[in-house]
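Data from model35.txt: compact mmCIF, C-alpha atoms
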# COMPACT_ATOMS: atom_id res chain seq x y z
CA MET A 257 139.48 74.90 25.58
CA ARG A 258 142.57 72.78 25.41
CA ILE A 259 143.44 73.53 28.98
CA PHE A 260 140.20 72.04 30.22
CA PRO A 261 141.13 68.34 30.09
CA TYR A 262 144.34 69.13 31.92
CA ALA A 263 142.53 71.05 34.61
CA LEU A 264 140.07 68.25 34.98
CA GLY A 265 142.93 65.78 35.15
CA ALA A 266 144.73 67.86 37.77
CA ALA A 267 141.56 68.13 39.82
CA ALA A 268 141.02 64.37 39.63
CA LEU A 269 144.64 63.80 40.58
CA GLY A 270 144.32 66.24 43.46
CA PHE A 271 141.19 64.53 44.65
CA ALA A 272 142.83 61.13 44.38
CA ALA A 273 145.80 62.40 46.36
CA PHE A 274 143.46 63.86 49.00
CA TRP A 275 141.53 60.60 49.16
CA LEU A 276 144.71 58.60 49.51
CA LEU A 277 146.30 60.89 52.07
CA THR A 278 143.20 61.10 54.22
CA ARG A 279 142.55 57.35 54.40
CA PRO A 280 141.64 56.29 57.93
CA ALA A 281 144.06 53.84 59.51
CA PRO A 282 143.16 50.17 58.97
CA SER A 283 142.11 47.83 61.73
CA ASP A 284 144.80 45.53 63.10
CA PRO A 285 143.15 42.68 65.05
CA ALA A 286 146.21 40.41 65.02
CA VAL A 287 148.17 42.67 67.41
CA PHE A 288 145.57 42.40 70.15
CA ALA A 289 144.54 38.79 69.58
CA VAL A 290 147.72 37.44 71.17
CA LEU A 291 147.29 39.46 74.40
CA THR A 292 145.14 38.68 77.44
CA GLY A 293 143.37 41.49 79.30
CA ASP A 294 143.57 41.99 83.06
CA VAL A 295 140.58 43.75 84.65
CA THR A 296 142.47 45.11 87.68
CA ALA A 297 145.28 46.52 85.56
CA GLY A 298 142.65 47.90 83.20
CA GLU A 299 141.03 49.82 86.03
CA GLN A 300 144.34 51.61 86.62
CA VAL A 301 144.57 52.44 82.90
CA PHE A 302 141.00 53.73 83.09
CA TYR A 303 141.87 56.14 85.92
CA ALA A 304 145.22 57.17 84.49
CA GLY A 305 143.52 57.82 81.13
CA GLY A 306 140.76 59.88 82.71
CA CYS A 307 138.05 58.24 80.57
CA ALA A 308 135.20 59.02 82.95
CA SER A 309 136.12 62.70 83.26
CA CYS A 310 134.73 63.31 79.79
CA HIS A 311 132.47 60.31 79.12
CA ALA A 312 130.43 60.21 82.35
CA ALA A 313 127.15 62.09 82.18
CA PRO A 314 127.39 65.82 83.00
CA GLY A 315 127.59 66.31 86.78
CA ALA A 316 127.94 62.59 87.58
CA GLU A 317 129.65 61.86 90.92
CA GLY A 318 130.82 58.74 92.75
CA ASP A 319 129.71 55.43 91.25
CA ALA A 320 127.66 57.26 88.62
CA LYS A 321 131.01 58.23 87.05
CA LEU A 322 131.35 54.61 85.92
CA ILE A 323 128.26 54.96 83.72
CA LEU A 324 129.88 56.24 80.55
CA ALA A 325 126.71 57.64 79.03
CA GLY A 326 128.41 60.67 77.46
CA GLY A 327 126.76 64.04 76.91
CA GLN A 328 129.32 66.50 78.29
CA ALA A 329 129.78 69.47 75.97
CA PHE A 330 133.17 70.84 74.93
CA ALA A 331 132.98 74.26 73.31
CA THR A 332 135.98 75.06 71.09
CA ASP A 333 136.95 77.38 68.24
CA PHE A 334 136.02 74.63 65.79
CA GLY A 335 132.58 73.88 67.18
CA THR A 336 130.94 72.19 70.14
CA PHE A 337 131.78 68.55 70.67
CA TYR A 338 129.70 66.18 72.75
CA ALA A 339 131.37 63.23 74.45
CA PRO A 340 129.71 60.08 73.08
CA ASN A 341 128.26 57.15 74.98
CA ILE A 342 131.08 54.63 75.48
CA SER A 343 129.19 52.40 77.91
CA THR A 344 128.66 48.71 77.21
CA ASN A 345 125.23 49.30 75.64
CA MET A 346 125.14 47.35 72.38
CA ASP A 347 123.24 49.90 70.30
CA ASN A 348 124.11 53.33 71.67
CA GLY A 349 127.38 52.55 73.45
CA ILE A 350 130.41 50.57 72.38
CA GLY A 351 129.27 47.20 73.72
CA ALA A 352 129.58 45.67 70.26
CA TRP A 353 133.21 46.74 69.81
CA THR A 354 136.07 44.27 69.60
CA VAL A 355 139.34 44.95 71.38
CA ALA A 356 140.83 45.81 67.99
CA ASP A 357 138.08 48.42 67.52
CA LEU A 358 139.05 50.02 70.83
CA GLY A 359 142.75 49.91 69.95
CA ARG A 360 142.15 51.49 66.56
CA ALA A 361 140.02 54.22 68.13
CA LEU A 362 142.49 55.04 70.89
CA LYS A 363 145.69 54.85 68.88
CA THR A 364 144.62 56.11 65.46
CA GLY A 365 141.43 58.08 66.16
CA THR A 366 139.44 55.91 63.78
CA SER A 367 135.96 54.47 64.34
CA PRO A 368 135.10 50.81 63.69
CA ASP A 369 133.30 51.88 60.48
CA GLY A 370 136.44 53.66 59.29
CA ARG A 371 135.73 57.33 59.98
CA HIS A 372 138.10 59.84 61.59
CA TYR A 373 137.30 61.01 65.09
CA TYR A 374 137.70 64.66 65.98
CA PRO A 375 140.77 65.26 68.15
CA ALA A 376 138.61 66.46 71.04
CA PHE A 377 139.12 62.76 71.76
CA PRO A 378 142.80 62.89 72.76
CA TYR A 379 144.06 60.10 70.52
CA THR A 380 147.14 62.17 69.72
CA SER A 381 148.17 61.25 73.28
CA TYR A 382 146.65 57.77 73.44
CA ALA A 383 148.60 56.93 70.25
CA ARG A 384 151.51 56.26 72.64
CA MET A 385 149.57 53.61 74.60
CA THR A 386 150.96 50.11 74.86
CA ASP A 387 148.89 47.35 73.26
CA GLN A 388 148.77 45.59 76.63
CA ASP A 389 147.16 48.64 78.23
CA VAL A 390 144.56 48.72 75.45
CA VAL A 391 143.70 45.09 76.10
CA ASP A 392 143.56 45.60 79.88
CA LEU A 393 141.39 48.69 79.49
CA TYR A 394 139.06 46.75 77.22
CA ALA A 395 138.78 44.00 79.82
CA TYR A 396 137.89 46.55 82.52
CA MET A 397 135.44 48.55 80.41
CA THR A 398 133.41 45.44 79.59
CA THR A 399 132.67 45.17 83.34
CA LEU A 400 131.06 48.64 83.44
CA PRO A 401 127.30 49.26 83.23
CA ALA A 402 125.38 49.75 79.98
CA ASP A 403 123.44 52.96 79.41
CA PRO A 404 120.98 53.50 76.54
CA THR A 405 121.44 57.29 76.14
CA PRO A 406 122.09 58.01 72.44
CA SER A 407 125.24 60.00 71.64
CA ARG A 408 124.61 63.58 70.66
CA ALA A 409 125.87 64.82 67.27
CA HIS A 410 128.71 67.35 67.36
CA GLU A 411 127.90 70.90 66.30
CA VAL A 412 130.66 71.62 63.81
CA GLY A 413 130.47 73.97 60.81
CA PHE A 414 132.10 73.84 57.37
CA PRO A 415 134.87 72.93 56.59
CA PHE A 416 135.46 71.10 59.87
CA ASN A 417 132.35 68.97 59.35
CA ILE A 418 134.14 67.11 56.53
CA ARG A 419 135.72 64.38 58.59
CA ARG A 420 137.87 63.17 55.74
CA GLY A 421 139.89 66.38 56.09
CA LEU A 422 141.00 65.15 59.50
CA GLY A 423 143.20 62.68 57.62
CA LEU A 424 145.43 65.60 56.61
CA TRP A 425 145.37 66.92 60.17
CA LYS A 426 146.50 63.54 61.41
CA LEU A 427 149.40 63.53 58.93
CA LEU A 428 150.58 66.72 60.63
CA TYR A 429 149.86 65.97 64.27
CA LEU A 430 149.30 62.28 64.93
CA ASN A 431 152.37 60.27 65.88
CA ASP A 432 153.62 58.28 68.83
CA ASP A 433 156.98 60.01 69.19
CA PRO A 434 157.97 60.85 72.76
CA VAL A 435 158.33 64.54 73.56
CA LEU A 436 160.77 64.15 76.44
CA THR A 437 163.52 62.22 74.67
CA ASN A 438 165.88 61.59 77.58
CA ALA A 439 163.78 59.56 80.02
CA ASP A 440 166.70 57.47 81.19
CA THR A 441 165.39 56.00 84.47
CA PRO A 442 162.44 53.61 84.93
CA GLU A 443 160.68 56.29 86.99
CA LEU A 444 161.07 58.94 84.28
CA GLU A 445 159.94 56.46 81.66
CA ARG A 446 156.84 55.64 83.68
CA GLY A 447 156.23 59.34 84.29
CA ARG A 448 156.56 60.05 80.59
CA TYR A 449 154.08 57.31 79.78
CA LEU A 450 151.58 58.56 82.35
CA VAL A 451 151.90 62.20 81.27
CA GLU A 452 152.36 61.93 77.50
CA ALA A 453 150.17 58.89 76.78
CA LEU A 454 147.47 58.02 79.34
CA GLY A 455 147.15 61.24 81.33
CA HIS A 456 147.08 63.35 78.14
CA CYS A 457 148.16 66.34 80.25
CA ALA A 458 149.47 68.26 77.24
CA GLU A 459 146.03 68.37 75.63
CA CYS A 460 145.15 71.21 78.04
CA HIS A 461 148.51 72.41 79.34
CA THR A 462 150.21 72.91 75.95
CA PRO A 463 149.21 75.66 73.50
CA ARG A 464 147.84 74.81 70.06
CA GLY A 465 148.57 76.27 66.65
CA ALA A 466 146.01 77.73 64.25
CA LEU A 467 145.02 74.26 63.04
CA GLY A 468 144.51 72.97 66.57
CA GLY A 469 147.65 70.84 66.76
CA LEU A 470 149.77 70.85 69.92
CA ASP A 471 152.86 73.07 69.79
CA THR A 472 155.38 70.58 71.17
CA ALA A 473 158.06 73.29 71.22
CA ALA A 474 156.02 74.99 73.95
CA TRP A 475 155.34 71.75 75.83
CA MET A 476 153.39 72.27 79.09
CA THR A 477 153.88 76.02 79.02
CA GLY A 478 150.18 76.71 79.59
CA ALA A 479 147.37 77.56 77.19
CA PRO A 480 144.00 79.24 76.97
CA THR A 481 141.10 77.02 78.03
CA ALA A 482 139.24 75.41 75.12
CA ASP A 483 136.34 77.86 75.51
CA GLY A 484 138.78 80.78 75.65
CA LYS A 485 137.42 82.11 78.93
CA GLY A 486 140.42 81.35 81.10
CA LYS A 487 143.94 80.00 81.24
CA VAL A 488 145.33 76.56 81.92
CA PRO A 489 148.52 77.09 83.91
CA ALA A 490 152.06 76.30 82.78
CA ILE A 491 153.44 73.27 84.63
CA THR A 492 157.09 73.44 83.67
CA PRO A 493 159.47 73.49 86.66
CA GLY A 494 160.28 77.17 86.18
CA ALA A 495 156.67 78.24 86.03
CA LEU A 496 155.44 76.01 88.82
CA GLY A 497 158.30 76.16 91.31
CA TRP A 498 156.99 73.11 93.18
CA SER A 499 159.01 70.23 94.64
CA ALA A 500 158.39 66.62 93.63
CA GLY A 501 156.60 66.13 96.94
CA ASP A 502 154.39 69.16 96.28
CA ILE A 503 153.36 67.82 92.87
CA ALA A 504 152.64 64.32 94.14
CA TYR A 505 150.65 65.69 97.10
CA TYR A 506 148.63 67.93 94.79
CA LEU A 507 147.78 65.00 92.54
CA GLU A 508 146.67 63.02 95.57
CA THR A 509 144.72 65.68 97.48
CA GLY A 510 144.10 68.61 95.15
CA PHE A 511 145.95 70.96 97.50
CA THR A 512 148.58 73.30 96.08
CA PRO A 513 151.60 74.13 98.28
CA ASP A 514 149.75 77.23 99.50
CA PHE A 515 146.60 75.18 100.11
CA ASP A 516 144.46 76.45 97.35
CA SER A 517 142.42 73.54 96.01
CA ALA A 518 142.09 72.26 92.43
CA GLY A 519 138.93 73.20 90.55
CA GLY A 520 137.28 72.69 87.18
CA HIS A 521 138.52 69.80 85.05
CA MET A 522 141.65 69.48 87.20
CA ALA A 523 139.51 68.43 90.16
CA ASP A 524 138.48 65.40 88.08
CA VAL A 525 142.11 64.72 87.22
CA VAL A 526 142.99 64.74 90.93
CA THR A 527 140.15 62.32 91.70
CA ASN A 528 141.58 59.99 89.05
CA MET A 529 145.20 60.37 90.09
CA ALA A 530 144.29 59.69 93.73
CA ASN A 531 143.26 56.20 92.56
CA LEU A 532 146.75 55.42 91.26
CA PRO A 533 149.59 53.99 93.36
CA SER A 534 151.77 56.65 94.98
CA GLU A 535 154.73 55.58 92.82
CA ASP A 536 152.77 56.73 89.77
CA ARG A 537 152.18 60.19 91.24
CA ASP A 538 155.89 60.36 92.12
CA ALA A 539 156.75 59.36 88.55
CA ILE A 540 154.59 62.16 87.15
CA ALA A 541 156.33 64.60 89.47
CA ALA A 542 159.74 63.34 88.32
CA TYR A 543 158.70 63.77 84.68
CA LEU A 544 157.45 67.32 85.14
CA LEU A 545 160.65 68.30 86.96
CA ALA A 546 162.68 66.86 84.06
CA LEU A 547 161.09 69.23 81.52
CA GLU A 548 163.03 72.14 79.97
CA MET B 647 119.87 65.13 109.37
CA GLY B 648 121.02 65.99 112.92
CA LEU B 649 120.23 69.21 114.70
CA LYS B 650 123.78 70.47 114.23
CA THR B 651 123.51 69.99 110.49
CA TRP B 652 120.12 71.62 110.42
CA ILE B 653 121.38 74.74 112.11
CA ALA B 654 124.31 74.88 109.72
CA CYS B 655 121.96 74.48 106.76
CA ALA B 656 119.80 77.32 107.96
CA ALA B 657 122.75 79.58 108.65
CA LEU B 658 124.60 78.86 105.41
CA GLY B 659 121.41 78.79 103.40
CA ALA B 660 120.64 82.31 104.35
CA THR B 661 123.89 83.70 103.06
CA VAL B 662 125.11 81.34 100.40
CA VAL B 663 123.58 81.98 96.99
CA THR B 664 120.84 84.43 97.78
CA GLY B 665 122.73 86.96 99.82
CA ALA B 666 119.22 87.76 100.96
CA GLY B 667 118.13 89.34 104.18
CA VAL B 668 120.81 91.96 103.87
CA ALA B 669 120.20 95.53 102.97
CA VAL B 670 123.40 95.95 101.00
CA ALA B 671 122.92 98.27 98.09
CA GLN B 672 123.93 96.55 94.87
CA ASP B 673 126.38 99.20 93.80
CA GLY B 674 129.98 98.73 92.73
CA LYS B 675 131.34 99.04 96.24
CA ALA B 676 129.05 96.34 97.65
CA ALA B 677 130.01 94.01 94.82
CA GLU B 678 133.70 94.71 95.32
CA ASN B 679 133.36 94.06 99.04
CA ALA B 680 131.47 90.83 98.47
CA VAL B 681 134.22 89.42 96.25
CA LYS B 682 136.85 90.66 98.71
CA VAL B 683 135.23 89.03 101.72
CA ARG B 684 134.75 85.72 99.89
CA LYS B 685 138.42 85.68 98.99
CA ALA B 686 139.33 86.57 102.56
CA GLN B 687 137.26 83.66 103.82
CA MET B 688 139.06 81.34 101.40
CA GLN B 689 142.38 82.74 102.68
CA ILE B 690 141.39 81.80 106.23
CA TYR B 691 140.64 78.28 104.99
CA ALA B 692 143.96 78.10 103.15
CA TYR B 693 145.95 79.43 106.11
CA ASN B 694 144.57 76.87 108.53
CA LEU B 695 144.69 74.06 106.00
CA GLY B 696 148.33 75.02 105.50
CA VAL B 697 149.11 74.40 109.18
CA LEU B 698 147.37 71.02 109.16
CA GLY B 699 148.68 70.13 105.70
CA ALA B 700 152.28 70.85 106.70
CA MET B 701 151.84 68.32 109.51
CA ALA B 702 150.19 65.84 107.15
CA LYS B 703 153.05 66.26 104.67
CA GLY B 704 155.65 65.86 107.42
CA GLN B 705 157.01 69.40 107.00
CA LEU B 706 155.93 70.41 110.49
CA PRO B 707 156.01 68.15 113.58
CA TYR B 708 152.54 67.13 114.71
CA ASP B 709 151.30 69.05 117.72
CA ALA B 710 147.84 68.30 119.08
CA GLU B 711 147.13 71.79 120.34
CA THR B 712 148.27 73.59 117.20
CA ALA B 713 146.35 71.13 115.04
CA THR B 714 143.20 71.58 117.12
CA ASN B 715 143.45 75.36 116.98
CA ALA B 716 143.85 75.33 113.21
CA ALA B 717 141.00 72.87 112.75
CA ASN B 718 138.74 74.92 115.04
CA SER B 719 139.50 78.08 113.06
CA LEU B 720 138.74 76.25 109.84
CA ALA B 721 135.45 74.92 111.19
CA ALA B 722 134.49 78.35 112.48
CA ALA B 723 135.32 79.98 109.14
CA SER B 724 133.43 77.38 107.14
CA GLY B 725 130.33 77.86 109.32
CA MET B 726 130.61 81.62 109.19
CA ARG B 727 127.59 83.56 108.13
CA ILE B 728 128.73 86.64 106.24
CA PRO B 729 125.89 88.89 105.13
CA GLY B 730 125.98 89.83 101.47
CA ALA B 731 129.04 87.75 100.64
CA TRP B 732 127.24 86.02 97.79
CA LEU B 733 125.62 89.09 96.35
CA PRO B 734 123.95 88.44 92.99
CA GLY B 735 125.84 90.08 90.13
CA THR B 736 129.26 89.19 91.52
CA ASP B 737 129.83 86.13 89.33
CA SER B 738 132.78 85.61 87.01
CA GLU B 739 130.82 86.83 83.97
CA SER B 740 129.66 90.03 85.66
CA PHE B 741 132.47 91.10 87.92
CA GLU B 742 136.15 91.50 87.05
CA GLY B 743 138.35 89.36 89.27
CA SER B 744 135.56 87.07 90.45
CA ARG B 745 136.02 83.37 89.73
CA ALA B 746 132.62 82.40 91.10
CA LEU B 747 130.70 80.85 88.20
CA PRO B 748 127.15 82.11 87.53
CA ALA B 749 125.90 78.55 88.14
CA ILE B 750 126.30 79.24 91.88
CA TRP B 751 123.29 81.52 91.74
CA GLU B 752 121.31 79.02 89.66
CA ASN B 753 121.87 75.89 91.75
CA GLY B 754 121.08 77.10 95.25
CA ASP B 755 120.28 73.72 96.75
CA ASP B 756 123.41 72.06 95.43
CA VAL B 757 125.67 74.92 96.52
CA ARG B 758 124.11 74.87 99.97
CA ALA B 759 124.64 71.11 100.21
CA LYS B 760 128.30 71.52 99.24
CA ALA B 761 128.78 74.32 101.80
CA VAL B 762 127.27 72.13 104.50
CA ALA B 763 129.50 69.23 103.40
CA LEU B 764 132.57 71.42 103.96
CA TRP B 765 131.29 72.55 107.34
CA GLU B 766 130.60 68.96 108.40
CA ALA B 767 133.99 67.72 107.21
CA SER B 768 135.80 70.53 109.02
CA THR B 769 133.79 69.93 112.20
CA ASP B 770 134.83 66.26 112.05
CA LEU B 771 138.40 67.45 111.55
CA SER B 772 138.07 69.62 114.66
CA ASP B 773 137.09 66.56 116.65
CA ALA B 774 139.94 64.45 115.26
CA ALA B 775 142.79 66.97 115.03
CA GLY B 776 143.96 66.55 118.63
CA MET B 777 143.73 62.77 118.68
CA GLY B 778 146.96 62.02 116.85
CA LEU B 779 148.62 62.51 113.47
CA ASP B 780 146.92 59.55 111.78
CA GLU B 781 143.49 60.56 113.04
CA MET B 782 144.06 64.11 111.86
CA LYS B 783 145.26 62.94 108.44
CA ALA B 784 142.25 60.66 108.03
CA ALA B 785 139.86 63.52 108.75
CA PHE B 786 141.85 65.92 106.54
CA GLY B 787 141.06 63.99 103.34
CA PRO B 788 137.29 64.61 103.34
CA VAL B 789 137.91 68.35 103.81
CA GLY B 790 140.00 68.34 100.63
CA GLY B 791 137.20 66.42 98.93
CA ALA B 792 134.68 69.07 99.95
CA CYS B 793 136.93 71.88 98.67
CA GLY B 794 137.40 70.09 95.36
CA ALA B 795 133.72 69.25 94.90
CA CYS B 796 132.72 72.90 95.03
CA HIS B 797 135.68 74.19 93.03
CA LYS B 798 135.09 71.62 90.32
CA ALA B 799 131.53 72.69 89.74
CA TYR B 800 131.61 76.36 90.60
CA ARG B 801 135.01 77.96 90.15
CA ALA B 802 136.14 79.47 86.86
CA PRO B 803 139.75 78.92 85.71
CA ALA B 804 142.23 81.66 86.58
CA ASN B 805 142.73 84.41 84.06
Structure encoded using structure tokens:
Amino acid sequence: MRIFPYALGAAALGFAAFWLLTRPAPSDPAVFAVLTGDVTAGEQVFYAGGCASCHAAPGAEGDAKLILAGGQAFATDFGTFYAPNISTNMDNGIGAWTVADLGRALKTGTSPDGRHYYPAFPYTSYARMTDQDVVDLYAYMTTLPADPTPSRAHEVGFPFNIRRGLGLWKLLYLNDDPVLTNADTPELERGRYLVEALGHCAECHTPRGALGGLDTAAWMTGAPTADGKGKVPAITPGALGWSAGDIAYYLETGFTPDFDSAGGHMADVVTNMANLPSEDRDAIAAYLLALE
Amino acid sequence: MGLKTWIACAALGATVVTGAGVAVAQDGKAAENAVKVRKAQMQIYAYNLGVLGAMAKGQLPYDAETATNAANSLAAASGMRIPGAWLPGTDSESFEGSRALPAIWENGDDVRAKAVALWEASTDLSDAAGMGLDEMKAAFGPVGGACGACHKAYRAPAN
């Protein structure tokens, strides 16, 4: 009987520790308040970040890709996630968000009401975004159309449906450390930013551990697709064997050096990358060739 | 819709998706052949795109006759009517080695439209290929777009 109060105490302590450790990141409006957003620059961030690839309605093409109504399904080992509406609709989109809300979501994976987002939203990459890019992106996104489609709830079973647990996951996997540490030219630095932050290339091209965190030791060495039905190729220099020109041309046109053509999600990536200046595609190529 | 497009629609429509009008027994051999011939057709695309692409990338000097020949081959291949090539039961879920998603057989109209889009873009490329490097490059882009549009929706990732 005597042990009982101790056990209870330990449990309470454990719970308190869990609660403390899994606290969502606070909002930080001051950081963004001093910056001014640029719509044109924000459009480039939007394409480099690939926002529409996931948040446009399923099957949307052309201008319809700018209606960020959500609804695409992402089947994973942890459940099926549905991309939410991030259009400017006030009730069902994110039209009511402040720039600080967007920054907190992108860089810490936390919603305006203080809940953890699932990492199907690649905030582990966006964590490396500059504050200026957040502000520019915000400026651009406010120019996009509103859509009233309500976001669909994710289909996630126990224990993954306890969002608070994601706080522990974030302690393990969420940081803004660069992976390529020796980016010693402006081009490599830009390439690193495009690949590791905005482009979130590693989210598909790098394998994940049992808990779903990226294995940075196996950076860009290829991985199973999220639904487990196929493989995402390795894009390290050794595996790919492409020149810088080949990589840049692929990102612009979708054509591999042997003139196969990109499919699946990568076709969306190519559409986005084709909207960037050619220097950006060259920078991505330089980065990929600097790996290993 | 012009007459040219209409004919292409009719021709492609008959083979793409349904594989109908062909008395190919749906046994293992027919399925194997269907996947083989589809891949062969894609190889013909890739080969000719490679010639034009090498010129576009500056790896091969532009030559009007070579470019025109490659573009004509591409246009011919993309308008080709191959009986039984899209045999039902040869999708990526049913047939080992196939990367053709089952959705192809569910979205006939869309697949047909995408096939016609490729044929139209490659016909335009045929017209432009001999007119100069810049003209050829300008017409090359939409062909890539047509390839990507179909692969995005209907090709499974490699295994």
What are the closest atom pairs, with distances in Å to one decimal, for all residues of chain A lying within 12 Å of chain B? Consider only C-alpha atoms, order rows by chain and residue number, and present the result as a Markdown table.
| residue | atom | partner | partner_atom | distance |
| --- | --- | --- | --- | --- |
| A:Ser309 | CA | B:Lys798 | CA | 11.4 |
| A:Pro314 | CA | B:Ala799 | CA | 10.5 |
| A:Gly315 | CA | B:Ala799 | CA | 8.1 |
| A:Ala316 | CA | B:Ala799 | CA | 10.9 |
| A:Glu317 | CA | B:Ala795 | CA | 9.3 |
| A:Gly318 | CA | B:Ala795 | CA | 11.1 |
| A:Gly478 | CA | B:Asn805 | CA | 11.6 |
| A:Ala479 | CA | B:Asn805 | CA | 10.8 |
| A:Pro480 | CA | B:Asn805 | CA | 8.9 |
| A:Thr481 | CA | B:Pro803 | CA | 8.0 |
| A:Ala482 | CA | B:Pro803 | CA | 11.2 |
| A:Asp483 | CA | B:Pro803 | CA | 10.8 |
| A:Gly484 | CA | B:Asn805 | CA | 10.0 |
| A:Lys485 | CA | B:Asn805 | CA | 7.7 |
| A:Gly486 | CA | B:Asn805 | CA | 4.8 |
| A:Lys487 | CA | B:Asn805 | CA | 5.4 |
| A:Val488 | CA | B:Pro803 | CA | 7.1 |
| A:Pro489 | CA | B:Ala804 | CA | 8.2 |
| A:Ala490 | CA | B:Ala804 | CA | 11.8 |
| A:Gly501 | CA | B:Lys703 | CA | 8.5 |
| A:Asp502 | CA | B:Lys703 | CA | 9.0 |
| A:Ile503 | CA | B:Lys703 | CA | 11.9 |
| A:Ala504 | CA | B:Lys703 | CA | 10.7 |
| A:Tyr505 | CA | B:Lys703 | CA | 8.0 |
| A:Tyr506 | CA | B:Gly790 | CA | 10.4 |
| A:Leu507 | CA | B:Gly790 | CA | 11.7 |
| A:Glu508 | CA | B:Gly787 | CA | 9.6 |
| A:Thr509 | CA | B:Gly790 | CA | 6.3 |
| A:Gly510 | CA | B:Gly790 | CA | 6.8 |
| A:Phe511 | CA | B:Gly790 | CA | 7.2 |
| A:Thr512 | CA | B:Gly696 | CA | 9.6 |
| A:Pro513 | CA | B:Gly696 | CA | 8.0 |
| A:Asp514 | CA | B:Gly696 | CA | 6.5 |
| A:Phe515 | CA | B:Ala692 | CA | 5.0 |
| A:Asp516 | CA | B:Ala692 | CA | 6.1 |
| A:Ser517 | CA | B:Gly794 | CA | 6.1 |
| A:Ala518 | CA | B:Gly794 | CA | 5.9 |
| A:Gly519 | CA | B:Lys798 | CA | 4.2 |
| A:Gly520 | CA | B:Lys798 | CA | 4.0 |
| A:His521 | CA | B:Lys798 | CA | 6.5 |
| A:Met522 | CA | B:Lys798 | CA | 7.6 |
| A:Ala523 | CA | B:Lys798 | CA | 5.5 |
| A:Asp524 | CA | B:Lys798 | CA | 7.4 |
| A:Val525 | CA | B:Lys798 | CA | 10.3 |
| A:Val526 | CA | B:Gly794 | CA | 8.9 |
| A:Thr527 | CA | B:Gly791 | CA | 8.8 |
| A:Ala530 | CA | B:Gly787 | CA | 11.0 |
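With all atoms listed in the file as the atoms that count, the residue of B:Arg727, B:Asp709, B:Lys685, B:Gly674 with the shortest distance to Ala775 (chain B) is B:Asp709.
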(request) Figure out the distance between CA of Ala458 (chain A) and CA of Val435 (chain A), please, to one decimal in Å. (result) 10.3 Å
(message) Would you pick out the contacts of Asp387 (chain A) at 8 Å or less, using all atoms listed in the file, so that residues sharing its chain but fewer than 2 positions from it are not included, and give the list as a list of chain:residue names?
(response)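 Returned residues: A:Val287, A:Phe288, A:Gly359, A:Met385, A:Asp389, A:Val390, A:Val391.
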(request) Tell me, as an MDAnalysis selection string, which residues lie within 12 Å of Leu779 (chain B), counting all atoms listed in the file; anything in the same chain fewer than 2 positions away does not count. (result) chainID B and resid 698:704 706:714 771 774:777 781:786
(request) May I ask for the distance between CA of Lys321 (chain A) and CA of Pro401 (chain A), given in Å to one decimal place? (result) 10.4 Å
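CA of Pro375 (chain A) is positioned 15.2 Å from CA of Gly455 (chain A).
The residue that comes closest to Thr769 (chain B), out of B:Ala677, B:Val683, B:Ile690, B:Ala721 and on the basis of only C-alpha atoms, is B:Ala721.
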(request) For the point (153.2, 55.9, 89.5) in the file's frame, write as number ranges by chain all residues with an atom no more than 12 Å away, counting all atoms listed in the file. (result) A: 300-301, 303-304, 442-451, 454-455, 504, 507-508, 529-543
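Residues surrounding Pro748 (chain B) within 9 Å are Pro734, Gly735, Thr736, Asp737, Ser738, Glu739, Ser740, Trp751, Glu752 and Tyr800 of chain B [all atoms listed in the file; sequence separation below 3 positions excluded].
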(message) Can you tell me which residues surround region 413-416 of chain A at a distance of at most 12 Å, considering only C-alpha atoms, apart from same-chain residues fewer than 5 positions away, and format the answer as a PyMOL selection string?
(response) chain A and resi 332-337+372-375+421-425+467-468
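Using all atoms listed in the file, the set of residues no farther than 12 Å from the position (132.2, 47.4, 85.8) comprises A:Val295, A:Thr296, A:Gly298, A:Glu299, A:Phe302, A:Asp319, A:Ala320, A:Lys321, A:Leu322, A:Ile323, A:Leu324, A:Ser343, A:Thr344, A:Leu393, A:Tyr394, A:Ala395, A:Tyr396, A:Met397, A:Thr398, A:Thr399, A:Leu400, A:Pro401, A:Ala402.
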(request) Find the residue from A:Asp347, A:Tyr379, A:Lys426, A:Pro434 that sits nearest to Ala361 (chain A); use all atoms listed in the file when measuring. (result) A:Tyr379
(message) Which residues are close to Gly326 (chain A), i.e. within 8 Å by only C-alpha atoms, leaving aside same-chain residues fewer than 2 positions away? Reply as a PyMOL selection string.
(response) chain A and resi 310-314+324+328+338-342+405+407
